$ cat run31.tsv   # TSV, C-alpha atoms
chain	number	residue	atom	x	y	z
A	933	MET	CA	-39.14	-19.27	10.67
A	934	LEU	CA	-37.52	-16.71	8.38
A	935	ASN	CA	-33.73	-16.67	8.70
A	936	THR	CA	-32.89	-12.97	8.75
A	937	HIS	CA	-29.16	-13.74	8.98
A	938	GLN	CA	-29.03	-14.15	5.21
A	939	TYR	CA	-30.03	-10.51	4.73
A	940	TRP	CA	-27.40	-8.79	6.86
A	941	ALA	CA	-24.41	-11.14	6.89
A	942	LEU	CA	-21.47	-9.94	4.78
A	943	PRO	CA	-19.38	-12.29	2.63
A	944	ASP	CA	-16.21	-13.63	4.24
A	945	GLY	CA	-13.38	-11.14	4.04
A	946	ILE	CA	-15.66	-8.20	3.17
A	947	SER	CA	-15.81	-5.41	5.73
A	948	GLU	CA	-17.59	-2.14	6.30
A	949	ALA	CA	-16.82	0.86	8.50
A	950	LEU	CA	-19.32	2.15	11.05
A	951	PRO	CA	-19.30	5.85	12.00
A	952	ASP	CA	-16.43	5.90	14.50
A	953	GLU	CA	-14.13	3.82	12.31
A	954	ALA	CA	-15.22	5.59	9.13
A	955	GLU	CA	-14.40	8.98	10.64
A	956	ALA	CA	-10.98	7.74	11.81
A	957	LEU	CA	-10.22	6.28	8.36
A	958	GLU	CA	-11.30	9.45	6.60
A	959	GLN	CA	-9.23	11.66	8.89
A	960	LEU	CA	-6.18	9.49	8.23
A	961	ARG	CA	-6.85	9.45	4.48
A	962	ARG	CA	-6.91	13.26	4.41
A	963	ARG	CA	-3.71	13.55	6.43
A	964	LEU	CA	-1.88	11.11	4.14
A	965	LEU	CA	-3.01	12.92	1.01
A	966	ASP	CA	-1.82	16.18	2.53
A	967	LEU	CA	1.53	14.54	3.31
A	968	TYR	CA	1.89	13.20	-0.23
A	969	ALA	CA	1.00	16.59	-1.70
A	970	THR	CA	3.94	18.16	0.15
A	971	TRP	CA	6.21	15.71	-1.69
A	972	GLY	CA	4.66	16.56	-5.06
A	973	TYR	CA	2.54	13.41	-5.42
A	974	ARG	CA	-0.78	14.15	-7.13
A	975	LEU	CA	-3.95	12.21	-6.41
A	976	VAL	CA	-5.59	10.08	-9.10
A	977	MET	CA	-8.88	8.18	-8.86
A	978	PRO	CA	-8.97	5.27	-11.32
A	979	PRO	CA	-12.28	3.46	-11.96
A	980	LEU	CA	-13.45	0.52	-9.90
A	981	VAL	CA	-13.73	-1.70	-13.01
A	982	GLU	CA	-11.76	-1.91	-16.24
A	983	PHE	CA	-11.48	-4.24	-19.19
A	984	MET	CA	-9.40	-7.27	-18.27
A	985	GLU	CA	-6.82	-6.51	-20.94
A	986	SER	CA	-5.70	-3.49	-18.90
A	987	LEU	CA	-5.82	-5.21	-15.52
A	988	ARG	CA	-3.78	-8.16	-16.80
A	989	THR	CA	-1.01	-5.93	-18.09
A	990	GLY	CA	2.46	-5.86	-16.57
A	991	HIS	CA	2.19	-5.75	-12.80
A	992	GLY	CA	-1.36	-7.03	-13.02
A	993	THR	CA	-0.61	-10.34	-14.75
A	994	HIS	CA	-0.07	-12.24	-11.52
A	995	LEU	CA	-3.33	-10.80	-10.16
A	996	ASP	CA	-5.55	-12.53	-12.72
A	997	VAL	CA	-6.63	-15.22	-10.25
A	998	GLN	CA	-7.34	-12.52	-7.65
A	999	THR	CA	-9.68	-10.57	-9.92
A	1000	PHE	CA	-13.46	-10.82	-9.88
A	1001	LYS	CA	-14.62	-10.89	-13.50
A	1002	LEU	CA	-17.91	-9.86	-15.10
A	1003	THR	CA	-19.26	-9.30	-18.59
A	1004	ASP	CA	-19.92	-5.76	-19.81
A	1005	GLN	CA	-23.54	-5.79	-20.97
A	1006	LEU	CA	-22.84	-2.95	-23.42
A	1007	THR	CA	-19.91	-4.49	-25.30
A	1008	GLY	CA	-19.83	-8.14	-24.33
A	1009	ARG	CA	-16.20	-7.75	-23.27
A	1010	MET	CA	-14.81	-9.13	-20.05
A	1011	MET	CA	-14.27	-6.61	-17.26
A	1012	GLY	CA	-12.62	-6.99	-13.88
A	1013	VAL	CA	-13.03	-5.37	-10.49
A	1014	ARG	CA	-9.60	-4.06	-9.60
A	1015	ALA	CA	-7.62	-6.24	-7.20
A	1016	ASP	CA	-4.66	-3.85	-7.22
A	1017	MET	CA	-4.51	-0.23	-8.33
A	1018	THR	CA	-0.90	-0.18	-9.56
A	1019	PRO	CA	-1.68	-1.36	-13.14
A	1020	GLN	CA	-4.30	1.36	-13.37
A	1021	ILE	CA	-1.86	4.03	-12.24
A	1022	ALA	CA	0.64	2.80	-14.83
A	1023	ARG	CA	-2.02	3.09	-17.53
A	1024	ILE	CA	-2.83	6.63	-16.46
A	1025	ASP	CA	0.82	7.65	-16.52
A	1026	ALA	CA	1.60	6.01	-19.87
A	1027	HIS	CA	-1.60	6.64	-21.79
A	1028	LYS	CA	-3.41	9.62	-20.26
A	1029	LEU	CA	-0.75	11.97	-18.88
A	1030	GLN	CA	2.07	11.22	-21.35
A	1031	THR	CA	4.67	13.45	-19.76
A	1032	GLU	CA	8.36	12.95	-20.45
A	1033	GLN	CA	9.24	14.26	-16.99
A	1034	PRO	CA	9.27	12.18	-13.79
A	1035	ASN	CA	5.66	11.80	-12.73
A	1036	ARG	CA	4.55	11.40	-9.10
A	1037	LEU	CA	1.12	9.94	-8.46
A	1038	CYS	CA	-0.69	8.69	-5.36
A	1039	TYR	CA	-3.99	6.94	-4.71
A	1040	ILE	CA	-6.27	5.70	-1.95
A	1041	GLY	CA	-9.23	3.48	-2.76
A	1042	SER	CA	-11.00	0.17	-2.33
A	1043	VAL	CA	-9.82	-2.97	-4.10
A	1044	LEU	CA	-11.55	-6.35	-4.19
A	1045	ARG	CA	-9.84	-9.74	-4.25
A	1046	THR	CA	-11.17	-13.24	-4.76
A	1047	ARG	CA	-8.93	-14.55	-2.00
A	1048	SER	CA	-7.94	-13.04	1.32
A	1049	PHE	CA	-4.44	-12.01	2.26
A	1050	HIS	CA	-2.79	-12.59	5.64
A	1051	ASP	CA	-5.25	-10.40	7.55
A	1052	GLY	CA	-8.29	-12.20	6.15
A	1053	SER	CA	-9.52	-9.17	4.21
A	1054	ARG	CA	-10.62	-9.34	0.60
A	1055	SER	CA	-11.51	-5.65	0.43
A	1056	PRO	CA	-8.55	-3.57	1.65
A	1057	LEU	CA	-8.39	0.20	1.31
A	1058	GLN	CA	-5.22	0.40	-0.73
A	1059	VAL	CA	-2.86	3.32	-0.24
A	1060	GLY	CA	0.07	3.85	-2.55
A	1061	ALA	CA	2.49	6.17	-4.31
A	1062	GLU	CA	4.26	5.65	-7.62
A	1063	LEU	CA	7.11	7.52	-9.28
A	1064	PHE	CA	7.34	7.07	-13.06
A	1065	GLY	CA	10.00	8.17	-15.52
A	1066	HIS	CA	13.21	7.82	-13.50
A	1067	ALA	CA	15.37	4.70	-13.37
A	1068	GLY	CA	18.03	5.79	-10.93
A	1069	LEU	CA	18.70	5.28	-7.26
A	1070	ASP	CA	17.29	8.69	-6.31
A	1071	SER	CA	13.72	7.68	-7.19
A	1072	ASP	CA	13.95	4.41	-5.25
A	1073	PHE	CA	15.29	6.31	-2.25
A	1074	GLU	CA	12.53	8.93	-2.51
A	1075	VAL	CA	9.76	6.35	-2.59
A	1076	ILE	CA	11.20	4.38	0.34
A	1077	SER	CA	11.59	7.65	2.24
A	1078	LEU	CA	7.96	8.58	1.58
A	1079	LEU	CA	6.86	5.14	2.76
A	1080	LEU	CA	8.84	5.43	5.98
A	1081	GLU	CA	7.45	8.94	6.51
A	1082	THR	CA	3.96	7.49	6.01
A	1083	LEU	CA	4.49	4.80	8.62
A	1084	THR	CA	6.12	7.23	11.04
A	1085	HIS	CA	3.20	9.63	10.58
A	1086	CYS	CA	0.89	6.77	11.54
A	1087	GLN	CA	2.96	6.19	14.70
A	1088	ILE	CA	3.95	2.65	13.72
A	1089	PRO	CA	6.85	1.65	15.99
A	1090	ASP	CA	9.95	-0.52	15.54
A	1091	LEU	CA	10.14	-0.31	11.76
A	1092	LEU	CA	12.21	-2.91	9.94
A	1093	LEU	CA	12.95	-2.61	6.22
A	1094	ASP	CA	13.49	-6.02	4.64
A	1095	ILE	CA	15.08	-5.44	1.23
A	1096	GLY	CA	16.45	-7.49	-1.64
A	1097	HIS	CA	17.10	-7.24	-5.39
A	1098	VAL	CA	15.49	-9.64	-7.87
A	1099	GLY	CA	18.21	-8.92	-10.42
A	1100	ILE	CA	20.68	-11.05	-8.48
A	1101	PHE	CA	18.80	-14.32	-8.81
A	1102	ARG	CA	17.65	-13.45	-12.33
A	1103	SER	CA	21.27	-12.93	-13.41
A	1104	LEU	CA	22.48	-16.13	-11.72
A	1105	ALA	CA	19.66	-18.16	-13.28
A	1106	ARG	CA	20.62	-16.81	-16.67
A	1107	ALA	CA	24.30	-17.59	-16.10
A	1108	ALA	CA	23.36	-21.11	-15.02
A	1109	GLY	CA	21.35	-21.60	-18.22
A	1110	LEU	CA	18.22	-22.62	-16.33
A	1111	ASP	CA	15.18	-23.06	-18.52
A	1112	ALA	CA	11.81	-21.65	-17.49
A	1113	ALA	CA	10.73	-24.80	-15.64
A	1114	GLN	CA	14.04	-25.10	-13.77
A	1115	GLU	CA	14.02	-21.43	-12.84
A	1116	SER	CA	10.46	-21.70	-11.56
A	1117	HIS	CA	11.31	-24.79	-9.53
A	1118	PHE	CA	14.40	-23.23	-8.01
A	1119	TYR	CA	12.50	-20.02	-7.31
A	1120	ASP	CA	9.91	-22.00	-5.35
A	1121	MET	CA	12.61	-23.61	-3.20
A	1122	LEU	CA	14.35	-20.28	-2.78
A	1123	VAL	CA	11.38	-18.31	-1.49
A	1124	ARG	CA	10.66	-21.15	0.96
A	1125	LYS	CA	14.35	-21.15	1.92
A	1126	SER	CA	14.29	-24.92	1.77
A	1127	LEU	CA	18.04	-25.40	2.10
A	1128	PRO	CA	18.03	-29.24	2.05
A	1129	GLU	CA	15.95	-29.26	-1.15
A	1130	ILE	CA	18.24	-26.70	-2.77
A	1131	ASP	CA	21.38	-28.63	-1.84
A	1132	ALA	CA	19.90	-31.92	-3.09
A	1133	TRP	CA	18.69	-30.37	-6.36
A	1134	LEU	CA	22.04	-28.74	-7.10
A	1135	ALA	CA	23.80	-32.05	-6.44
A	1136	THR	CA	21.85	-33.59	-9.33
A	1137	THR	CA	22.83	-30.90	-11.85
A	1138	ASN	CA	25.92	-30.51	-13.95
A	1139	LEU	CA	26.30	-26.81	-13.29
A	1140	PRO	CA	29.80	-25.31	-13.09
A	1141	ALA	CA	31.09	-25.39	-9.53
A	1142	ASP	CA	31.14	-21.61	-9.10
A	1143	ILE	CA	27.56	-21.18	-10.36
A	1144	SER	CA	26.37	-24.02	-8.14
A	1145	THR	CA	28.05	-22.38	-5.15
A	1146	TYR	CA	26.42	-19.03	-5.94
A	1147	LEU	CA	22.93	-20.58	-6.07
A	1148	GLN	CA	23.56	-22.66	-2.97
A	1149	GLN	CA	24.65	-19.67	-0.89
A	1150	LEU	CA	22.02	-17.22	-2.13
A	1151	PRO	CA	19.31	-18.18	0.42
A	1152	ARG	CA	21.91	-18.06	3.18
A	1153	LEU	CA	22.81	-14.44	2.47
A	1154	ASN	CA	20.45	-12.57	4.76
A	1155	GLY	CA	20.92	-10.45	7.85
A	1156	ALA	CA	22.24	-7.00	8.74
A	1157	VAL	CA	23.55	-4.70	6.03
A	1158	ASP	CA	27.09	-6.07	6.38
A	1159	VAL	CA	25.86	-9.26	4.70
A	1160	LEU	CA	26.41	-7.28	1.49
A	1161	ASP	CA	30.16	-7.37	2.15
A	1162	GLN	CA	29.99	-11.14	2.49
A	1163	ALA	CA	27.99	-11.33	-0.74
A	1164	ALA	CA	30.47	-9.10	-2.60
A	1165	ALA	CA	33.31	-11.43	-1.66
A	1166	LEU	CA	31.36	-14.53	-2.64
A	1167	PHE	CA	30.21	-13.08	-5.97
A	1168	ALA	CA	33.53	-11.45	-6.87
A	1169	ASN	CA	33.67	-13.42	-10.13
A	1170	ALA	CA	29.92	-13.52	-10.76
A	1171	PRO	CA	28.30	-11.73	-13.72
A	1172	SER	CA	28.63	-7.96	-13.60
A	1173	ASP	CA	24.85	-7.57	-13.14
A	1174	VAL	CA	25.17	-9.26	-9.75
A	1175	GLN	CA	27.95	-6.90	-8.67
A	1176	ASP	CA	25.95	-3.92	-9.90
A	1177	ALA	CA	22.90	-5.01	-7.90
A	1178	LEU	CA	25.00	-5.45	-4.73
A	1179	THR	CA	26.54	-2.00	-5.18
A	1180	TYR	CA	23.07	-0.54	-5.71
A	1181	LEU	CA	21.79	-2.16	-2.51
A	1182	ARG	CA	24.80	-1.00	-0.51
A	1183	THR	CA	24.42	2.62	-1.66
A	1184	LEU	CA	20.68	2.65	-1.13
A	1185	THR	CA	20.73	1.09	2.32
A	1186	THR	CA	23.49	3.47	3.40
A	1187	ARG	CA	21.34	6.45	2.45
A	1188	VAL	CA	18.26	5.02	4.15
A	1189	ALA	CA	20.21	4.32	7.34
A	1190	ALA	CA	21.59	7.86	7.37
A	1191	HIS	CA	18.18	9.51	6.96
A	1192	PHE	CA	16.14	7.07	9.06
A	1193	PRO	CA	18.45	5.88	11.84
A	1194	ALA	CA	15.52	4.49	13.87
A	1195	CYS	CA	14.58	2.08	11.07
A	1196	LYS	CA	16.32	-1.28	11.19
A	1197	ILE	CA	17.45	-2.70	7.86
A	1198	HIS	CA	17.53	-6.39	7.00
A	1199	VAL	CA	19.00	-7.53	3.70
A	1200	ASP	CA	17.71	-10.75	2.15
A	1201	LEU	CA	19.11	-11.68	-1.25
A	1202	ALA	CA	16.45	-14.38	-1.58
A	1203	GLU	CA	13.64	-11.84	-1.10
A	1204	LEU	CA	11.82	-12.30	-4.40
A	1205	SER	CA	8.25	-11.15	-3.77
A	1206	GLY	CA	6.71	-10.16	-7.08
A	1207	TYR	CA	9.53	-11.81	-9.01
A	1208	ASP	CA	7.37	-12.05	-12.13
A	1209	TYR	CA	7.09	-8.26	-12.47
A	1210	HIS	CA	9.74	-6.60	-10.29
A	1211	THR	CA	12.94	-5.63	-12.09
A	1212	GLY	CA	15.13	-4.30	-9.28
A	1213	ILE	CA	14.82	-3.75	-5.56
A	1214	VAL	CA	11.94	-5.33	-3.68
A	1215	TYR	CA	11.11	-4.72	-0.05
A	1216	GLY	CA	8.63	-5.03	2.75
A	1217	VAL	CA	8.36	-3.07	6.00
A	1218	TYR	CA	7.53	-4.87	9.24
A	1219	THR	CA	6.77	-3.88	12.81
A	1220	SER	CA	6.99	-5.84	16.03
A	1221	GLY	CA	3.94	-7.86	16.97
A	1222	MET	CA	2.68	-8.24	13.39
A	1223	GLY	CA	3.55	-11.39	11.49
A	1224	ARG	CA	3.02	-9.88	8.05
A	1225	GLU	CA	4.40	-6.81	6.35
A	1226	VAL	CA	2.80	-3.42	6.97
A	1227	ALA	CA	3.70	-2.24	3.47
A	1228	ARG	CA	5.44	-3.51	0.36
A	1229	GLY	CA	7.12	-1.97	-2.66
A	1230	GLY	CA	9.80	-2.18	-5.29
A	1231	ARG	CA	10.89	-1.29	-8.82
A	1232	TYR	CA	9.08	-2.53	-11.92
A	1233	ASP	CA	10.50	-0.80	-14.99
A	1234	GLY	CA	8.75	-1.10	-18.33
A	1235	ILE	CA	5.28	-1.44	-16.88
A	1236	GLY	CA	3.80	1.04	-19.36
A	1237	GLU	CA	4.97	-0.86	-22.45
A	1238	ALA	CA	1.57	-2.43	-23.12
A	1239	PHE	CA	0.03	1.04	-23.02
A	1240	GLY	CA	2.39	2.35	-25.66
A	1241	ARG	CA	5.11	3.92	-23.49
A	1242	THR	CA	7.79	2.00	-21.63
A	1243	ARG	CA	8.38	3.84	-18.38
A	1244	PRO	CA	10.63	3.05	-15.43
A	1245	ALA	CA	8.58	2.91	-12.25
A	1246	THR	CA	9.00	2.47	-8.52
A	1247	GLY	CA	6.37	2.56	-5.80
A	1248	PHE	CA	4.82	1.15	-2.65
A	1249	SER	CA	1.40	0.15	-1.36
A	1250	THR	CA	-0.18	-0.48	2.01
A	1251	ASP	CA	-3.65	-0.71	3.57
A	1252	LEU	CA	-5.41	2.22	5.22
A	1253	ARG	CA	-7.11	0.01	7.80
A	1254	THR	CA	-3.78	-1.49	8.82
A	1255	LEU	CA	-2.29	1.98	9.21
A	1256	ALA	CA	-5.31	3.14	11.19
A	1257	THR	CA	-4.81	0.46	13.84
A	1258	PHE	CA	-1.59	2.26	14.79
A	1259	ALA	CA	-2.63	5.85	14.09
A	1260	LEU	CA	-4.59	6.30	17.35
A	1261	PRO	CA	-8.03	6.40	15.67
A	1262	GLN	CA	-9.64	6.89	19.06
A	1263	GLN	CA	-8.02	10.32	19.29
A	1264	GLN	CA	-10.59	12.70	17.87
A	1265	ARG	CA	-9.50	15.72	15.88
A	1266	ALA	CA	-9.74	19.16	17.43
A	1267	GLY	CA	-13.24	20.55	17.30
A	1268	ASN	CA	-14.85	17.13	16.98
A	1269	ALA	CA	-16.95	17.50	20.16
A	1270	SER	CA	-20.63	17.78	19.30
A	1271	ILE	CA	-22.87	20.69	20.24
A	1272	PHE	CA	-26.61	20.18	20.75
A	1273	ALA	CA	-28.93	22.87	19.41
A	1274	PRO	CA	-32.61	23.18	20.38
A	1275	ALA	CA	-35.48	22.86	17.92
A	1276	VAL	CA	-36.33	26.53	18.15
A	1277	GLN	CA	-37.00	28.74	15.16
A	1278	ASP	CA	-35.03	31.89	15.92
A	1279	ALA	CA	-32.92	34.02	13.57
A	1280	ALA	CA	-30.14	34.58	16.13
A	1281	LEU	CA	-29.96	30.86	16.87
A	1282	GLU	CA	-29.80	30.07	13.15
A	1283	GLN	CA	-26.92	32.53	12.71
A	1284	LEU	CA	-25.00	31.03	15.64
A	1285	ILE	CA	-25.41	27.52	14.23
A	1286	ARG	CA	-24.15	28.67	10.81
A	1287	THR	CA	-21.15	30.36	12.44
A	1288	LEU	CA	-20.25	27.28	14.48
A	1289	ARG	CA	-20.50	24.99	11.45
A	1290	SER	CA	-18.36	27.36	9.38
A	1291	GLN	CA	-15.72	26.92	12.10
A	1292	GLN	CA	-15.87	23.12	11.56
A	1293	GLN	CA	-17.83	22.60	14.77
A	1294	ARG	CA	-20.29	19.72	14.78
A	1295	VAL	CA	-23.79	20.92	15.62
A	1296	ILE	CA	-26.62	18.43	16.04
A	1297	ARG	CA	-30.03	20.05	15.73
A	1298	ALA	CA	-32.90	18.74	17.83
A	1299	LEU	CA	-35.94	17.53	15.94
A	1300	ASP	CA	-39.50	18.43	16.82
A	1301	GLY	CA	-40.83	16.00	19.39
A	1302	GLN	CA	-37.40	14.55	20.15
A	1303	THR	CA	-37.09	13.31	23.71
A	1304	HIS	CA	-33.35	12.57	23.86
A	1305	ASP	CA	-31.22	15.24	25.48
A	1306	ALA	CA	-27.71	16.44	24.59
A	1307	ALA	CA	-25.90	13.90	26.75
A	1308	ALA	CA	-27.85	10.99	25.28
A	1309	LEU	CA	-26.70	12.05	21.81
A	1310	GLY	CA	-23.06	12.21	22.87
A	1311	CYS	CA	-22.89	16.02	22.95
A	1312	SER	CA	-20.57	17.62	25.47
A	1313	GLN	CA	-22.02	21.10	24.92
A	1314	HIS	CA	-25.40	22.56	24.14
A	1315	ILE	CA	-26.84	25.90	23.08
A	1316	ILE	CA	-29.12	27.62	25.58
A	1317	GLN	CA	-30.65	31.05	25.80
A	1318	GLN	CA	-29.31	33.27	28.56
A	1319	ASP	CA	-30.49	36.85	29.10
A	1320	GLY	CA	-31.88	36.97	25.58
A	1321	HIS	CA	-28.67	35.62	23.97
A	1322	TRP	CA	-27.83	32.17	22.62
A	1323	ASN	CA	-24.69	30.74	24.22
A	1324	VAL	CA	-22.73	27.50	23.96
A	1325	VAL	CA	-22.20	25.98	27.41
A	1326	ALA	CA	-21.03	22.65	28.77
A	1327	VAL	CA	-23.67	20.01	29.36
$ encode --input "run31.tsv" --output "structure tokens"
Amino acid sequence: MLNTHQYWALPDGISEALPDEAEALEQLRRRLLDLYATWGYRLVMPPLVEFMESLRTGHGTHLDVQTFKLTDQLTGRMMGVRADMTPQIARIDAHKLQTEQPNRLCYIGSVLRTRSFHDGSRSPLQVGAELFGHAGLDSDFEVISLLLETLTHCQIPDLLLDIGHVGIFRSLARAAGLDAAQESHFYDMLVRKSLPEIDAWLATTNLPADISTYLQQLPRLNGAVDVLDQAAALFANAPSDVQDALTYLRTLTTRVAAHFPACKIHVDLAELSGYDYHTGIVYGVYTSGMGREVARGGRYDGIGEAFGRTRPATGFSTDLRTLATFALPQQQRAGNASIFAPAVQDAALEQLIRTLRSQQQRVIRALDGQTHDAAALGCSQHIIQQDGHWNVVAV
């Protein structure tokens, strides 16, 4: 017997949206783009595929294993299906737009990954915003603010901002004289917060006592914002870059707390997500009941260097489907109720249908020979003729 399952089954981690979900996603997409436009962020639509040289650049280097690759039949060059849109946005800013002013860009589109993330999806609908051309605290604060506004707009409750700064560990590793292999090994222990491994490893080194203490305490410095005071005391004699990063975090978190008092802030100085490309702050936003972050972002200066223009950059990304699970997708927009129109050829009826559709009303026209009535098609109203006039009435 023919196994029809092979014709309709989707690959693992690949999803599609049926009408109800697709409409909810599209409504949310439009609302987010409208929100971003009010902040001055302009929409860009990069291509689904690019040459691998572009996708490997900067932020995209760590995504090489996540990228589906194919050969361009026209040139013989290797292309990739985008696994993350941020490298593409950096290319557009550096190579296509070439403005010297701060540049605000946003995007919403499908990405494809060889391996699934925490939610099991390999084809998220990535949403993001990037601010290029400004290296100061104001741009980091603006992007975090826009992210929190995004999540609030989607009615995501109990927001928690988990924030760190990769410059602290990078500076300490440099001061300790760790080579690339040692830094990588310590980084692995650090992100796992394997305190016994860290203590045992440091005991085998000949590092100066103060540097060893700094590295030993780093994974233990996490908690409420006042952990920054504890860190400042501990790192009082550490390299100036460490002090600068702590001051930066303190100023930034103070501003965020003042503008978003409902958002809890958790500082983690061992938060090193994207360590290979981030250059400053790095953060994730969480909500209760979800074991993974809702969104993630950070600073990655110099990302445009490979495209001919080194540009400071800061941004965030999230997934439209994740946002939609909180954004009450079941709540239909105003005017979404369907109206059933008969299959009658009449000039007045045609004019009424055109008028209703121009008002964003959904009108479903009956087809000749159709036996289903308005209710069967999910219509709450229908058009009937009364006293020689066509009127819209409840079913």
$ closest_residue --input "run31.tsv" --among "A:Leu964, A:Val997, A:Ala1015, A:Leu1079" --to "Glu982 of chain A" --atoms "all atoms listed in the file"
A:Ala1015
$ residues_around --input "run31.tsv" --residues "Glu1074 of chain A" --least-positions-apart "5" --cutoff "10 Å" --atoms "only C-alpha atoms" --output "MDAnalysis selection string"
chainID A and resid 971 1063 1069 1079:1080 1188 1246:1247
$ closest_residue --input "run31.tsv" --among "A:Phe1073, A:Gln1292, A:Phe1272, A:Tyr1119" --to "Ala1308 of chain A" --atoms "all atoms listed in the file"
A:Phe1272
$ atom_distance --input "run31.tsv" --atom1 "atom CA of Ala1067 of chain A" --atom2 "atom CA of Pro1034 of chain A"
9.7 Å
$ residues_around --input "run31.tsv" --residues "Asp1176 of chain A" --least-positions-apart "6" --cutoff "10 Å" --atoms "only C-alpha atoms" --output "list in words"
Gly1099, Ile1100 and Arg1182 of chain A
$ write_last_selection --input "run31.tsv" --atoms "C-alpha atoms" --output "JSON list (two decimals), keeping the file's coordinate frame"
[["chain", "number", "residue", "atom", "x", "y", "z"],
["A", 1099, "GLY", "CA", 18.21, -8.92, -10.42],
["A", 1100, "ILE", "CA", 20.68, -11.05, -8.48],
["A", 1182, "ARG", "CA", 24.80, -1.00, -0.51]]
$ closest_atom_pairs --input "run31.tsv" --of "segment 1195-1225 of chain A" --to "segment 1048-1059 of chain A" --cutoff "12 Å" --atoms "all atoms listed in the file" --output "Markdown table"
| residue | atom | partner | partner_atom | distance |
| --- | --- | --- | --- | --- |
| A:Met1222 | CA | A:Asp1051 | CA | 10.1 |
| A:Gly1223 | CA | A:His1050 | CA | 8.7 |
| A:Arg1224 | CA | A:His1050 | CA | 6.8 |
| A:Glu1225 | CA | A:His1050 | CA | 9.3 |
$ residues_around --input "run31.tsv" --residues "segment 1193-1210 of chain A" --least-positions-apart "3" --cutoff "8 Å" --atoms "only C-alpha atoms" --output "PyMOL selection string"
chain A and resi 990-991+994+1090-1098+1100-1101+1122-1123+1125+1150-1151+1153-1157+1159-1160+1185+1188-1190+1213-1215+1230-1233
$ residues_around --input "run31.tsv" --residues "Ile1285 of chain A" --least-positions-apart "5" --cutoff "9 Å" --atoms "all atoms listed in the file" --output "ChimeraX atom specification"
/A:1273,1280,1290,1295,1297
$ atom_distance --input "run31.tsv" --atom1 "atom CA of Arg1045 of chain A" --atom2 "atom CA of Ala1259 of chain A"
25.1 Å
$ residues_around --input "run31.tsv" --residues "Leu1288 of chain A" --least-positions-apart "4" --cutoff "12 Å" --atoms "only C-alpha atoms" --output "ChimeraX atom specification"
/A:1267-1273,1281-1284,1292-1296,1314-1315,1323-1324
$ write_last_selection --input "run31.tsv" --atoms "C-alpha atoms" --output "PDB file, keeping the file's coordinate frame"
ATOM      1  CA  GLY A1267     -13.240  20.550  17.300  1.00  0.00           C
ATOM      2  CA  ASN A1268     -14.850  17.130  16.980  1.00  0.00           C
ATOM      3  CA  ALA A1269     -16.950  17.500  20.160  1.00  0.00           C
ATOM      4  CA  SER A1270     -20.630  17.780  19.300  1.00  0.00           C
ATOM      5  CA  ILE A1271     -22.870  20.690  20.240  1.00  0.00           C
ATOM      6  CA  PHE A1272     -26.610  20.180  20.750  1.00  0.00           C
ATOM      7  CA  ALA A1273     -28.930  22.870  19.410  1.00  0.00           C
ATOM      8  CA  LEU A1281     -29.960  30.860  16.870  1.00  0.00           C
ATOM      9  CA  GLU A1282     -29.800  30.070  13.150  1.00  0.00           C
ATOM     10  CA  GLN A1283     -26.920  32.530  12.710  1.00  0.00           C
ATOM     11  CA  LEU A1284     -25.000  31.030  15.640  1.00  0.00           C
ATOM     12  CA  GLN A1292     -15.870  23.120  11.560  1.00  0.00           C
ATOM     13  CA  GLN A1293     -17.830  22.600  14.770  1.00  0.00           C
ATOM     14  CA  ARG A1294     -20.290  19.720  14.780  1.00  0.00           C
ATOM     15  CA  VAL A1295     -23.790  20.920  15.620  1.00  0.00           C
ATOM     16  CA  ILE A1296     -26.620  18.430  16.040  1.00  0.00           C
ATOM     17  CA  HIS A1314     -25.400  22.560  24.140  1.00  0.00           C
ATOM     18  CA  ILE A1315     -26.840  25.900  23.080  1.00  0.00           C
ATOM     19  CA  ASN A1323     -24.690  30.740  24.220  1.00  0.00           C
ATOM     20  CA  VAL A1324     -22.730  27.500  23.960  1.00  0.00           C
TER      21      VAL A1324
END
$ closest_residue --input "run31.tsv" --among "A:Leu1104, A:Asp1161, A:Thr1287, A:Ser1312" --to "Leu1139 of chain A" --atoms "all atoms listed in the file"
A:Leu1104
$ closest_residue --input "run31.tsv" --among "A:Thr1007, A:Gln1030, A:Thr999, A:Gln1114" --to "Phe1239 of chain A" --atoms "all atoms listed in the file"
A:Gln1030
$ atom_distance --input "run31.tsv" --atom1 "atom CA of Tyr968 of chain A" --atom2 "atom CA of Cys1038 of chain A"
7.3 Å
$ closest_residue --input "run31.tsv" --among "A:Pro943, A:Pro1140, A:Gly1012, A:Pro1089" --to "Phe1000 of chain A" --atoms "all atoms listed in the file"
A:Gly1012
